[in-house]
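Shown next: coords-v1.pdb, containing PDB, C-alpha atoms.
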```pdb
ATOM      1  CA  MET W  16      75.967  98.288 124.662
ATOM      2  CA  LYS W  17      79.204 100.166 124.166
ATOM      3  CA  PRO W  18      82.301  98.805 125.924
ATOM      4  CA  GLY W  19      83.466 100.450 129.118
ATOM      5  CA  MET W  20      85.575 103.530 128.549
ATOM      6  CA  SER W  21      88.621 101.909 130.143
ATOM      7  CA  LEU W  22      88.630  99.260 127.392
ATOM      8  CA  ILE W  23      88.614 101.700 124.495
ATOM      9  CA  LYS W  24      91.686 102.006 122.321
ATOM     10  CA  HIS W  25      92.165 105.304 120.474
ATOM     11  CA  TYR W  26      94.623 106.289 117.735
ATOM     12  CA  LEU W  27      95.548 109.908 118.408
ATOM     13  CA  GLN W  28      99.263 109.842 117.598
ATOM     14  CA  PHE W  29     101.698 107.290 116.179
ATOM     15  CA  LYS W  30     103.161 106.329 119.546
ATOM     16  CA  ASP W  31      99.749 105.124 120.758
ATOM     17  CA  PHE W  32     100.615 101.695 119.294
ATOM     18  CA  ARG W  33     103.550  99.376 119.977
ATOM     19  CA  ALA W  34     105.897  97.998 117.324
ATOM     20  CA  GLU W  35     104.245  94.562 117.390
ATOM     21  CA  GLU W  36     100.840  96.142 116.857
ATOM     22  CA  TYR W  37     102.187  97.842 113.746
ATOM     23  CA  VAL W  38     103.501  94.537 112.461
ATOM     24  CA  TYR W  39      99.987  93.168 112.819
ATOM     25  CA  LEU W  40      98.369  96.223 111.200
ATOM     26  CA  PHE W  41     100.662  96.120 108.178
ATOM     27  CA  GLU W  42      99.938  92.415 107.699
ATOM     28  CA  ARG W  43      96.197  93.044 107.937
ATOM     29  CA  ALA W  44      96.438  95.982 105.522
ATOM     30  CA  ALA W  45      98.204  93.753 102.970
ATOM     31  CA  THR W  46      95.517  91.085 103.312
ATOM     32  CA  ILE W  47      92.658  93.586 103.074
ATOM     33  CA  LYS W  48      94.253  95.280 100.054
ATOM     34  CA  LYS W  49      94.704  91.940  98.286
ATOM     35  CA  ARG W  50      91.031  91.124  98.816
ATOM     36  CA  PHE W  51      90.059  94.546  97.474
ATOM     37  CA  LYS W  52      92.198  94.081  94.351
ATOM     38  CA  ASN W  53      90.697  90.633  93.770
ATOM     39  CA  TYR W  54      87.129  91.986  94.155
ATOM     40  CA  GLU W  55      86.578  89.709  97.152
ATOM     41  CA  LYS W  56      83.765  90.959  99.351
ATOM     42  CA  TYR W  57      84.858  91.505 102.944
ATOM     43  CA  THR W  58      82.372  93.187 105.256
ATOM     44  CA  PRO W  59      83.322  92.659 108.923
ATOM     45  CA  LEU W  60      81.915  96.064 109.952
ATOM     46  CA  VAL W  61      78.290  95.528 108.943
ATOM     47  CA  ASP W  62      75.971  97.598 111.183
ATOM     48  CA  ARG W  63      78.912  99.713 112.397
ATOM     49  CA  THR W  64      78.847 103.480 111.855
ATOM     50  CA  LEU W  65      81.796 105.834 111.434
ATOM     51  CA  ALA W  66      81.334 109.526 112.265
ATOM     52  CA  MET W  67      83.757 111.785 110.406
ATOM     53  CA  ILE W  68      84.189 115.269 111.871
ATOM     54  CA  PHE W  69      86.015 117.821 109.737
ATOM     55  CA  GLU W  70      87.158 121.198 111.024
ATOM     56  CA  LYS W  71      89.881 121.116 108.371
ATOM     57  CA  ALA W  72      88.852 120.371 104.795
ATOM     58  CA  SER W  73      90.162 117.245 103.102
ATOM     59  CA  THR W  74      90.132 115.213  99.906
ATOM     60  CA  ARG W  75      92.156 112.068 100.646
ATOM     61  CA  THR W  76      91.105 111.730 104.281
ATOM     62  CA  ARG W  77      87.410 111.902 103.476
ATOM     63  CA  VAL W  78      87.499 109.640 100.418
ATOM     64  CA  SER W  79      89.771 107.042 102.011
ATOM     65  CA  PHE W  80      87.792 106.756 105.248
ATOM     66  CA  GLU W  81      84.366 106.942 103.642
ATOM     67  CA  ALA W  82      85.077 104.503 100.807
ATOM     68  CA  GLY W  83      86.930 102.200 103.200
ATOM     69  CA  MET W  84      84.082 102.063 105.718
ATOM     70  CA  TYR W  85      81.507 101.351 103.022
ATOM     71  CA  GLN W  86      83.720  98.603 101.566
ATOM     72  CA  MET W  87      83.924  97.015 105.022
ATOM     73  CA  GLY W  88      80.123  96.929 105.185
ATOM     74  CA  GLY W  89      79.635  99.900 107.525
ATOM     75  CA  SER W  90      78.010 103.289 107.142
ATOM     76  CA  VAL W  91      79.283 106.853 107.490
ATOM     77  CA  VAL W  92      78.038 110.115 108.995
ATOM     78  CA  HIS W  93      79.882 113.185 107.681
ATOM     79  CA  LEU W  94      80.035 116.357 109.801
ATOM     80  CA  THR W  95      81.809 119.644 109.131
ATOM     81  CA  ALA W  96      82.319 122.666 111.350
ATOM     82  CA  GLY W  97      79.539 124.381 109.426
ATOM     83  CA  ASP W  98      76.860 121.790 110.133
ATOM     84  CA  SER W  99      77.728 120.770 113.682
ATOM     85  CA  GLN W 100      78.181 122.441 117.075
ATOM     86  CA  PHE W 101      81.619 120.866 117.546
ATOM     87  CA  GLY W 102      83.719 123.066 119.823
ATOM     88  CA  ARG W 103      81.593 126.140 119.128
ATOM     89  CA  ALA W 104      78.134 126.494 120.673
ATOM     90  CA  GLU W 105      78.603 123.146 122.444
ATOM     91  CA  PRO W 106      81.625 122.085 124.514
ATOM     92  CA  ILE W 107      83.727 119.341 122.951
ATOM     93  CA  GLU W 108      83.127 117.195 126.036
ATOM     94  CA  ASP W 109      79.354 117.287 125.469
ATOM     95  CA  ALA W 110      79.673 116.640 121.739
ATOM     96  CA  ALA W 111      81.802 113.593 122.467
ATOM     97  CA  ARG W 112      79.318 112.244 125.006
ATOM     98  CA  VAL W 113      76.436 112.567 122.524
ATOM     99  CA  ILE W 114      78.065 111.516 119.247
ATOM    100  CA  SER W 115      79.749 108.472 120.788
ATOM    101  CA  ARG W 116      76.355 107.164 121.975
ATOM    102  CA  MET W 117      75.118 107.086 118.376
ATOM    103  CA  VAL W 118      78.057 105.713 116.391
ATOM    104  CA  ASP W 119      80.719 103.025 116.791
ATOM    105  CA  ILE W 120      83.896 104.889 115.859
ATOM    106  CA  VAL W 121      84.875 108.533 115.248
ATOM    107  CA  MET W 122      87.493 110.114 112.974
ATOM    108  CA  ILE W 123      88.338 113.773 113.607
ATOM    109  CA  ARG W 124      90.374 116.141 111.432
ATOM    110  CA  THR W 125      90.916 119.347 113.346
ATOM    111  CA  PHE W 126      93.393 122.000 114.499
ATOM    112  CA  GLU W 127      94.805 121.608 118.030
ATOM    113  CA  GLN W 128      95.699 118.126 119.258
ATOM    114  CA  SER W 129      94.093 119.099 122.570
ATOM    115  CA  LYS W 130      90.671 119.092 120.882
ATOM    116  CA  ILE W 131      90.901 115.477 119.772
ATOM    117  CA  GLU W 132      92.351 114.426 123.130
ATOM    118  CA  THR W 133      89.447 116.104 124.937
ATOM    119  CA  PHE W 134      86.951 114.398 122.633
ATOM    120  CA  ALA W 135      88.579 110.988 123.149
ATOM    121  CA  ALA W 136      88.619 111.417 126.931
ATOM    122  CA  HIS W 137      84.816 111.730 126.894
ATOM    123  CA  SER W 138      84.045 109.248 124.111
ATOM    124  CA  ARG W 139      82.523 105.800 124.598
ATOM    125  CA  VAL W 140      83.973 104.624 121.259
ATOM    126  CA  PRO W 141      87.405 104.631 119.568
ATOM    127  CA  VAL W 142      88.635 107.942 118.161
ATOM    128  CA  ILE W 143      91.061 108.261 115.238
ATOM    129  CA  ASN W 144      93.206 111.292 114.460
ATOM    130  CA  GLY W 145      92.591 112.188 110.804
ATOM    131  CA  LEU W 146      95.042 115.102 111.177
ATOM    132  CA  THR W 147      95.821 117.783 113.735
ATOM    133  CA  ASN W 148      98.314 120.646 113.775
ATOM    134  CA  GLU W 149     100.687 118.415 115.720
ATOM    135  CA  TYR W 150     100.305 114.905 114.242
ATOM    136  CA  HIS W 151      99.148 112.961 111.172
ATOM    137  CA  PRO W 152      99.422 109.283 112.204
ATOM    138  CA  CYS W 153      97.176 107.783 109.502
ATOM    139  CA  GLN W 154      99.360 109.283 106.778
ATOM    140  CA  ILE W 155     102.579 107.879 108.233
ATOM    141  CA  LEU W 156     100.813 104.544 108.688
ATOM    142  CA  ALA W 157     100.189 104.570 104.929
ATOM    143  CA  ASP W 158     103.696 105.799 104.124
ATOM    144  CA  VAL W 159     105.457 103.084 106.115
ATOM    145  CA  PHE W 160     103.136 100.442 104.680
ATOM    146  CA  THR W 161     103.949 101.673 101.171
ATOM    147  CA  TYR W 162     107.675 101.435 101.855
ATOM    148  CA  ILE W 163     107.347  97.891 103.238
ATOM    149  CA  GLU W 164     105.179  96.884 100.293
ATOM    150  CA  GLN W 165     107.726  98.111  97.739
ATOM    151  CA  ARG W 166     111.093  97.720  99.459
ATOM    152  CA  GLY W 167     110.663  95.397 102.449
ATOM    153  CA  SER W 168     111.318  96.118 106.123
ATOM    154  CA  ILE W 169     111.931  99.736 107.083
ATOM    155  CA  GLN W 170     113.868  98.733 110.194
ATOM    156  CA  GLY W 171     117.468  99.963 110.001
ATOM    157  CA  LYS W 172     116.756 102.171 106.985
ATOM    158  CA  VAL W 173     117.197 105.939 106.601
ATOM    159  CA  VAL W 174     114.269 108.267 105.900
ATOM    160  CA  ALA W 175     115.089 111.854 104.896
ATOM    161  CA  TRP W 176     112.625 114.583 105.811
ATOM    162  CA  VAL W 177     113.163 117.811 103.854
ATOM    163  CA  GLY W 178     111.111 120.895 104.698
ATOM    164  CA  ASP W 179     108.891 122.089 107.517
ATOM    165  CA  GLY W 180     109.093 120.585 111.013
ATOM    166  CA  ASN W 181     105.320 120.109 110.953
ATOM    167  CA  ASN W 182     102.775 117.435 111.936
ATOM    168  CA  MET W 183     104.160 115.044 109.324
ATOM    169  CA  ALA W 184     107.737 115.492 110.539
ATOM    170  CA  ASN W 185     106.620 115.031 114.157
ATOM    171  CA  THR W 186     104.907 111.779 113.251
ATOM    172  CA  TRP W 187     107.831 110.493 111.203
ATOM    173  CA  LEU W 188     110.005 111.016 114.277
ATOM    174  CA  GLN W 189     107.653 108.964 116.451
ATOM    175  CA  ALA W 190     107.648 106.247 113.782
ATOM    176  CA  ALA W 191     111.465 106.160 113.672
ATOM    177  CA  ASP W 192     111.560 105.766 117.445
ATOM    178  CA  ILE W 193     109.038 102.918 117.481
ATOM    179  CA  LEU W 194     109.907 101.044 114.281
ATOM    180  CA  GLY W 195     113.698 101.245 114.472
ATOM    181  CA  PHE W 196     114.807 103.371 111.534
ATOM    182  CA  THR W 197     116.749 106.641 111.388
ATOM    183  CA  LEU W 198     115.197 109.964 110.442
ATOM    184  CA  HIS W 199     117.389 112.548 108.750
ATOM    185  CA  VAL W 200     115.802 115.964 109.173
ATOM    186  CA  SER W 201     116.620 119.191 107.378
ATOM    187  CA  THR W 202     114.465 122.243 108.028
ATOM    188  CA  PRO W 203     115.122 125.976 107.709
ATOM    189  CA  SER W 204     116.209 127.670 110.913
ATOM    190  CA  GLY W 205     113.203 128.425 113.083
ATOM    191  CA  TYR W 206     111.088 125.590 111.629
ATOM    192  CA  GLU W 207     112.622 122.644 113.479
ATOM    193  CA  ILE W 208     110.767 119.685 114.964
ATOM    194  CA  ASP W 209     109.743 120.225 118.581
ATOM    195  CA  ARG W 210     111.339 117.113 120.093
ATOM    196  CA  GLN W 211     109.868 117.787 123.517
ATOM    197  CA  LEU W 212     106.362 117.763 122.029
ATOM    198  CA  VAL W 213     106.999 114.586 120.054
ATOM    199  CA  GLY W 214     108.462 112.677 122.994
ATOM    200  CA  ILE W 215     110.813 109.879 121.895
ATOM    201  CA  ASN W 216     112.695 107.230 123.858
ATOM    202  CA  ASN W 217     115.721 106.880 121.561
ATOM    203  CA  PRO W 218     117.369 110.222 120.668
ATOM    204  CA  ALA W 219     119.739 108.378 118.295
ATOM    205  CA  CYS W 220     116.841 107.702 115.893
ATOM    206  CA  VAL W 221     117.050 111.264 114.528
ATOM    207  CA  LYS W 222     119.877 113.262 112.960
ATOM    208  CA  THR W 223     119.537 116.904 111.956
ATOM    209  CA  PHE W 224     121.232 118.593 109.011
ATOM    210  CA  LYS W 225     121.472 122.240 107.977
ATOM    211  CA  SER W 226     121.784 121.161 104.354
ATOM    212  CA  PRO W 227     118.866 119.266 102.760
ATOM    213  CA  PHE W 228     121.376 117.695 100.375
ATOM    214  CA  ALA W 229     123.335 116.236 103.299
ATOM    215  CA  ALA W 230     120.111 114.882 104.811
ATOM    216  CA  CYS W 231     119.348 112.981 101.593
ATOM    217  CA  GLU W 232     122.750 111.277 101.369
ATOM    218  CA  GLY W 233     122.274 107.514 101.574
ATOM    219  CA  ALA W 234     118.540 107.769 102.320
ATOM    220  CA  HIS W 235     116.249 104.895 101.372
ATOM    221  CA  LEU W 236     113.220 107.176 101.342
ATOM    222  CA  VAL W 237     113.021 110.927 100.749
ATOM    223  CA  THR W 238     109.838 112.682 101.768
ATOM    224  CA  THR W 239     108.449 116.176 102.168
ATOM    225  CA  ASP W 240     105.268 118.217 102.521
ATOM    226  CA  VAL W 241     103.947 121.617 101.485
ATOM    227  CA  TRP W 242     105.816 124.587 102.894
ATOM    228  CA  THR W 243     102.637 126.107 104.306
ATOM    229  CA  SER W 244     100.331 123.676 106.097
ATOM    230  CA  MET W 245      96.611 124.291 106.550
ATOM    231  CA  GLY W 246      96.049 126.880 109.251
ATOM    232  CA  TYR W 247      99.325 128.721 108.588
ATOM    233  CA  GLU W 248      98.295 130.546 105.408
ATOM    234  CA  ALA W 249      99.135 133.956 106.894
ATOM    235  CA  GLU W 250     102.806 132.907 106.891
ATOM    236  CA  ASN W 251     102.830 131.814 103.241
ATOM    237  CA  ALA W 252     104.755 134.747 101.728
ATOM    238  CA  GLU W 253     107.496 134.522 104.355
ATOM    239  CA  ARG W 254     107.710 130.736 104.058
ATOM    240  CA  GLN W 255     108.131 130.955 100.266
ATOM    241  CA  LYS W 256     111.338 132.908 100.836
ATOM    242  CA  VAL W 257     112.692 130.911 103.771
ATOM    243  CA  PHE W 258     112.088 127.467 102.226
ATOM    244  CA  ALA W 259     113.438 128.257  98.729
ATOM    245  CA  ASP W 260     116.431 125.888  99.130
ATOM    246  CA  TRP W 261     114.313 123.011 100.471
ATOM    247  CA  CYS W 262     112.804 121.839  97.171
ATOM    248  CA  VAL W 263     113.337 118.102  96.663
ATOM    249  CA  ASP W 264     114.823 117.866  93.179
ATOM    250  CA  ALA W 265     116.699 115.346  91.042
ATOM    251  CA  GLN W 266     120.029 116.371  92.557
ATOM    252  CA  MET W 267     118.821 115.489  96.056
ATOM    253  CA  MET W 268     117.408 112.168  94.878
ATOM    254  CA  GLN W 269     120.751 111.315  93.227
ATOM    255  CA  LEU W 270     122.417 111.593  96.643
ATOM    256  CA  ALA W 271     120.012 109.022  98.087
ATOM    257  CA  GLN W 272     120.204 105.272  97.510
ATOM    258  CA  LYS W 273     119.815 104.225  93.858
ATOM    259  CA  ASP W 274     116.481 102.563  94.603
ATOM    260  CA  ALA W 275     115.275 105.262  97.025
ATOM    261  CA  LEU W 276     111.592 106.122  96.974
ATOM    262  CA  PHE W 277     110.064 109.586  97.044
ATOM    263  CA  MET W 278     106.853 110.244  98.994
ATOM    264  CA  HIS W 279     104.586 113.225  99.575
ATOM    265  CA  CYS W 280     101.305 113.223 101.513
ATOM    266  CA  LEU W 281      99.656 115.527  98.918
ATOM    267  CA  PRO W 282      98.424 117.952  97.772
ATOM    268  CA  ALA W 283     101.747 118.917  96.191
ATOM    269  CA  HIS W 284     102.976 122.167  94.668
ATOM    270  CA  ARG W 285     105.335 121.299  91.827
ATOM    271  CA  GLY W 286     108.219 123.726  91.696
ATOM    272  CA  GLU W 287     107.960 124.541  95.402
ATOM    273  CA  GLU W 288     108.606 121.712  97.884
ATOM    274  CA  VAL W 289     109.231 119.178  95.079
ATOM    275  CA  SER W 290     110.167 119.388  91.425
ATOM    276  CA  ALA W 291     107.842 117.946  88.787
ATOM    277  CA  GLU W 292     110.735 115.757  87.657
ATOM    278  CA  VAL W 293     110.800 114.011  91.030
ATOM    279  CA  ILE W 294     107.107 113.685  91.908
ATOM    280  CA  ASP W 295     106.228 112.514  88.392
ATOM    281  CA  GLY W 296     109.391 110.433  88.018
ATOM    282  CA  PRO W 297     110.121 106.702  88.373
ATOM    283  CA  GLN W 298     111.143 106.893  92.054
ATOM    284  CA  SER W 299     107.882 108.519  93.122
ATOM    285  CA  ALA W 300     105.501 106.338  95.137
ATOM    286  CA  VAL W 301     102.993 109.095  95.872
ATOM    287  CA  TRP W 302     100.018 107.567  94.039
ATOM    288  CA  ASP W 303     100.436 104.162  95.703
ATOM    289  CA  GLU W 304     100.983 106.026  98.970
ATOM    290  CA  ALA W 305      97.714 107.930  98.520
ATOM    291  CA  GLU W 306      95.730 104.781  97.732
ATOM    292  CA  ASN W 307      97.236 102.989 100.696
ATOM    293  CA  ARG W 308      95.604 105.469 103.064
ATOM    294  CA  MET W 309      92.379 103.583 102.443
ATOM    295  CA  HIS W 310      93.838 100.118 102.982
ATOM    296  CA  VAL W 311      95.707 100.865 106.214
ATOM    297  CA  GLN W 312      92.728 102.774 107.624
ATOM    298  CA  LYS W 313      90.469  99.800 106.924
ATOM    299  CA  ALA W 314      92.905  97.643 108.906
ATOM    300  CA  LEU W 315      93.009 100.304 111.635
ATOM    301  CA  MET W 316      89.210 100.521 111.966
ATOM    302  CA  GLU W 317      88.925  96.734 111.996
ATOM    303  CA  PHE W 318      91.556  96.551 114.753
ATOM    304  CA  LEU W 319      89.983  99.263 116.913
ATOM    305  CA  LEU W 320      86.484  97.783 116.588
ATOM    306  CA  LEU W 321      87.108  94.031 116.490
ATOM    307  CA  GLY W 322      90.598  93.530 117.900
ATOM    308  CA  ARG W 323      93.001  91.072 116.329
ATOM    309  CA  ILE W 324      91.536  88.798 113.659
ATOM    310  CA  GLY W 325      92.614  85.181 113.706
TER     311      GLY W 325
END
```

Same coordinates, now as structure tokens:
Amino acid sequence: MKPGMSLIKHYLQFKDFRAEEYVYLFERAATIKKRFKNYEKYTPLVDRTLAMIFEKASTRTRVSFEAGMYQMGGSVVHLTAGDSQFGRAEPIEDAARVISRMVDIVMIRTFEQSKIETFAAHSRVPVINGLTNEYHPCQILADVFTYIEQRGSIQGKVVAWVGDGNNMANTWLQAADILGFTLHVSTPSGYEIDRQLVGINNPACVKTFKSPFAACEGAHLVTTDVWTSMGYEAENAERQKVFADWCVDAQMMQLAQKDALFMHCLPAHRGEEVSAEVIDGPQSAVWDEAENRMHVQKALMEFLLLGRIG
């Protein structure tokens, strides 16, 4: 029997969890990753099924969730907009009621945040945000874990966001608010973060800069994303012009701390939002960052399904 709906914990945006819950998740992710690297079998999710619903295509989200669930002993059902009635011929509320009676946990990658919130409100099982137009919490979970893994605590550090005030930037801002670091943000005019949407408690956790170079000064981590996110392709030509000065290059990285890391959620366009010299250089953590999606999501699914271990 599924637990009562009031007991269900969802992960729809970064601020759904408290700081102490993130401490636990990062510890669990490190333990689970170590077991994976040592080829130690760990299958706490035997007989559990993950439904993955994709309205937006994906490489890393699908591979990381699917491989991770299988490694934890569970099984996976993969649905796309083309082979399901999600939000089309069937109301999202009805789809949630049906799908959540047949599986144990659901991951959704879609457009409007309202869709995933509607699904979660009518689901009998935990729902995870695999990406929406507004937020990308699993990616920032992996990014923060990667920083901690390579540089130690992120508390009190400076993260520089260069580029579009998109779902990644929104989620970084929530993370800064919850985990106690400062976010330096530089976006072209008209592409700023919507602070009202994000909803933070500590306005001092974010500083905005007109110059991307100024934003990178003293940063411990410099990060960016594509100039045109999925769903905004019609704006691509205009964005190419507007964002021309927001390419993370070696000069920006030189303004950051000497041991600063560079991250990018991928896919990346070398020569646009980041130079090849940076993303393929010694400060780049993007490949570890990409792999860590799987490890943190395994810890996340374990937490949502089984609660705290030990």

If you count only C-alpha atoms, the residue of W:Trp242, W:Trp187, W:Phe160, W:Phe318 closest to W:Ala259 turns out to be W:Trp242

Which distance in Å separates atom CA of W:Cys280 and atom CA of W:Glu304, to one decimal?
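Result for atom CA of W:Cys280 versus atom CA of W:Glu304: 7.6 Å, one decimal.
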
Identify, on the basis of only C-alpha atoms, every residue whose closest approach to W:Lys30 does not exceed 9 Å; exclude the query and any residue fewer than 3 positions from it along the same chain; express the result as a ChimeraX atom specification.
/W:26-27,33,152,186,189-190,192-193,214-215

Which residues are close to W:Phe277, i.e. within 9 Å by only C-alpha atoms, leaving aside same-chain residues fewer than 4 positions away? Reply as a list of chain:residue names.
W:His235, W:Leu236, W:Val237, W:Thr238, W:Thr239, W:Met268, W:Val293, W:Ile294, W:Gln298, W:Ser299, W:Ala300, W:Val301

Store the residues picked out above in a file with C-alpha atoms, as a PDB file, keeping the file's coordinate frame.
```pdb
ATOM      1  CA  HIS W 235     116.249 104.895 101.372  1.00  0.00           C
ATOM      2  CA  LEU W 236     113.220 107.176 101.342  1.00  0.00           C
ATOM      3  CA  VAL W 237     113.021 110.927 100.749  1.00  0.00           C
ATOM      4  CA  THR W 238     109.838 112.682 101.768  1.00  0.00           C
ATOM      5  CA  THR W 239     108.449 116.176 102.168  1.00  0.00           C
ATOM      6  CA  MET W 268     117.408 112.168  94.878  1.00  0.00           C
ATOM      7  CA  VAL W 293     110.800 114.011  91.030  1.00  0.00           C
ATOM      8  CA  ILE W 294     107.107 113.685  91.908  1.00  0.00           C
ATOM      9  CA  GLN W 298     111.143 106.893  92.054  1.00  0.00           C
ATOM     10  CA  SER W 299     107.882 108.519  93.122  1.00  0.00           C
ATOM     11  CA  ALA W 300     105.501 106.338  95.137  1.00  0.00           C
ATOM     12  CA  VAL W 301     102.993 109.095  95.872  1.00  0.00           C
TER      13      VAL W 301
END
```

Which residue gives the smallest distance to W:Glu253 among W:Gly83, W:Pro141, W:Gly322, W:Pro203, with all atoms listed in the file counted?
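The shortest atom-to-atom distance to W:Glu253 comes from W:Pro203.
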
Evaluate the PyMOL selection byres ((chain W and resi 88) around 12) on the structure here and hand back the selected residues as a ChimeraX atom specification.
/W:56-65,81-87,89-91,313,316-317

Check which residues satisfy the PyMOL selection byres ((chain W and resi 281) around 8) in the file shown, then give them as a VMD selection string.
chain W and resid 240 to 241 279 to 280 282 to 283 301 305

From the options W:Lys273, W:His310, W:Lys24, W:Lys71, which residue's atoms come nearest to W:Pro297, counting all atoms listed in the file?
W:Lys273

Can you tell me which residues surround W:Val257 at a distance of at most 12 Å, considering only C-alpha atoms, apart from same-chain residues fewer than 4 positions away, and format the answer as a PyMOL selection string?
chain W and resi 178-179+202-206+242-243+250-253+261-262+287-288

List the residues matched by the PyMOL selection byres ((chain W and resi 225) around 9) in the displayed structure as number ranges by chain, ordered by chain and then by residue number.
W: 200-204, 223-224, 226-230

State, in Å with one decimal place, the distance from atom CA of W:Val213 to atom CA of W:Arg124.
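Interatomic distance here is 18.8 Å.
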
Write stretch 218-231 of chain W as a PDB file, in the frame of the given file, completed to N, CA and C atoms.
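part-v8.pdb, written as the output of this step:
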```pdb
ATOM      1  N   PRO W 218     116.924 109.014 121.372  1.00  0.00           N
ATOM      2  CA  PRO W 218     117.369 110.222 120.668  1.00  0.00           C
ATOM      3  C   PRO W 218     118.238 109.917 119.449  1.00  0.00           C
ATOM      4  N   ALA W 219     118.856 108.730 119.413  1.00  0.00           N
ATOM      5  CA  ALA W 219     119.739 108.378 118.295  1.00  0.00           C
ATOM      6  C   ALA W 219     118.961 108.089 117.007  1.00  0.00           C
ATOM      7  N   CYS W 220     117.633 108.023 117.088  1.00  0.00           N
ATOM      8  CA  CYS W 220     116.841 107.702 115.893  1.00  0.00           C
ATOM      9  C   CYS W 220     116.702 108.892 114.958  1.00  0.00           C
ATOM     10  N   VAL W 221     117.176 110.067 115.362  1.00  0.00           N
ATOM     11  CA  VAL W 221     117.050 111.264 114.528  1.00  0.00           C
ATOM     12  C   VAL W 221     118.381 111.996 114.419  1.00  0.00           C
ATOM     13  N   LYS W 222     118.691 112.447 113.204  1.00  0.00           N
ATOM     14  CA  LYS W 222     119.877 113.262 112.960  1.00  0.00           C
ATOM     15  C   LYS W 222     119.440 114.503 112.191  1.00  0.00           C
ATOM     16  N   THR W 223     119.935 115.658 112.607  1.00  0.00           N
ATOM     17  CA  THR W 223     119.537 116.904 111.956  1.00  0.00           C
ATOM     18  C   THR W 223     120.668 117.443 111.081  1.00  0.00           C
ATOM     19  N   PHE W 224     120.281 118.070 109.989  1.00  0.00           N
ATOM     20  CA  PHE W 224     121.232 118.593 109.011  1.00  0.00           C
ATOM     21  C   PHE W 224     120.805 119.997 108.595  1.00  0.00           C
ATOM     22  N   LYS W 225     121.774 120.905 108.498  1.00  0.00           N
ATOM     23  CA  LYS W 225     121.472 122.240 107.977  1.00  0.00           C
ATOM     24  C   LYS W 225     121.197 122.168 106.482  1.00  0.00           C
ATOM     25  N   SER W 226     121.927 121.298 105.805  1.00  0.00           N
ATOM     26  CA  SER W 226     121.784 121.161 104.354  1.00  0.00           C
ATOM     27  C   SER W 226     120.796 120.054 103.999  1.00  0.00           C
ATOM     28  N   PRO W 227     119.783 120.327 103.194  1.00  0.00           N
ATOM     29  CA  PRO W 227     118.866 119.266 102.760  1.00  0.00           C
ATOM     30  C   PRO W 227     119.563 118.225 101.893  1.00  0.00           C
ATOM     31  N   PHE W 228     120.620 118.642 101.195  1.00  0.00           N
ATOM     32  CA  PHE W 228     121.376 117.695 100.375  1.00  0.00           C
ATOM     33  C   PHE W 228     122.079 116.666 101.266  1.00  0.00           C
ATOM     34  N   ALA W 229     122.659 117.144 102.359  1.00  0.00           N
ATOM     35  CA  ALA W 229     123.335 116.236 103.299  1.00  0.00           C
ATOM     36  C   ALA W 229     122.339 115.269 103.931  1.00  0.00           C
ATOM     37  N   ALA W 230     121.134 115.741 104.211  1.00  0.00           N
ATOM     38  CA  ALA W 230     120.111 114.882 104.811  1.00  0.00           C
ATOM     39  C   ALA W 230     119.725 113.743 103.876  1.00  0.00           C
ATOM     40  N   CYS W 231     119.772 113.985 102.570  1.00  0.00           N
ATOM     41  CA  CYS W 231     119.348 112.981 101.593  1.00  0.00           C
ATOM     42  C   CYS W 231     120.418 111.939 101.285  1.00  0.00           C
TER      43      CYS W 231
END
```
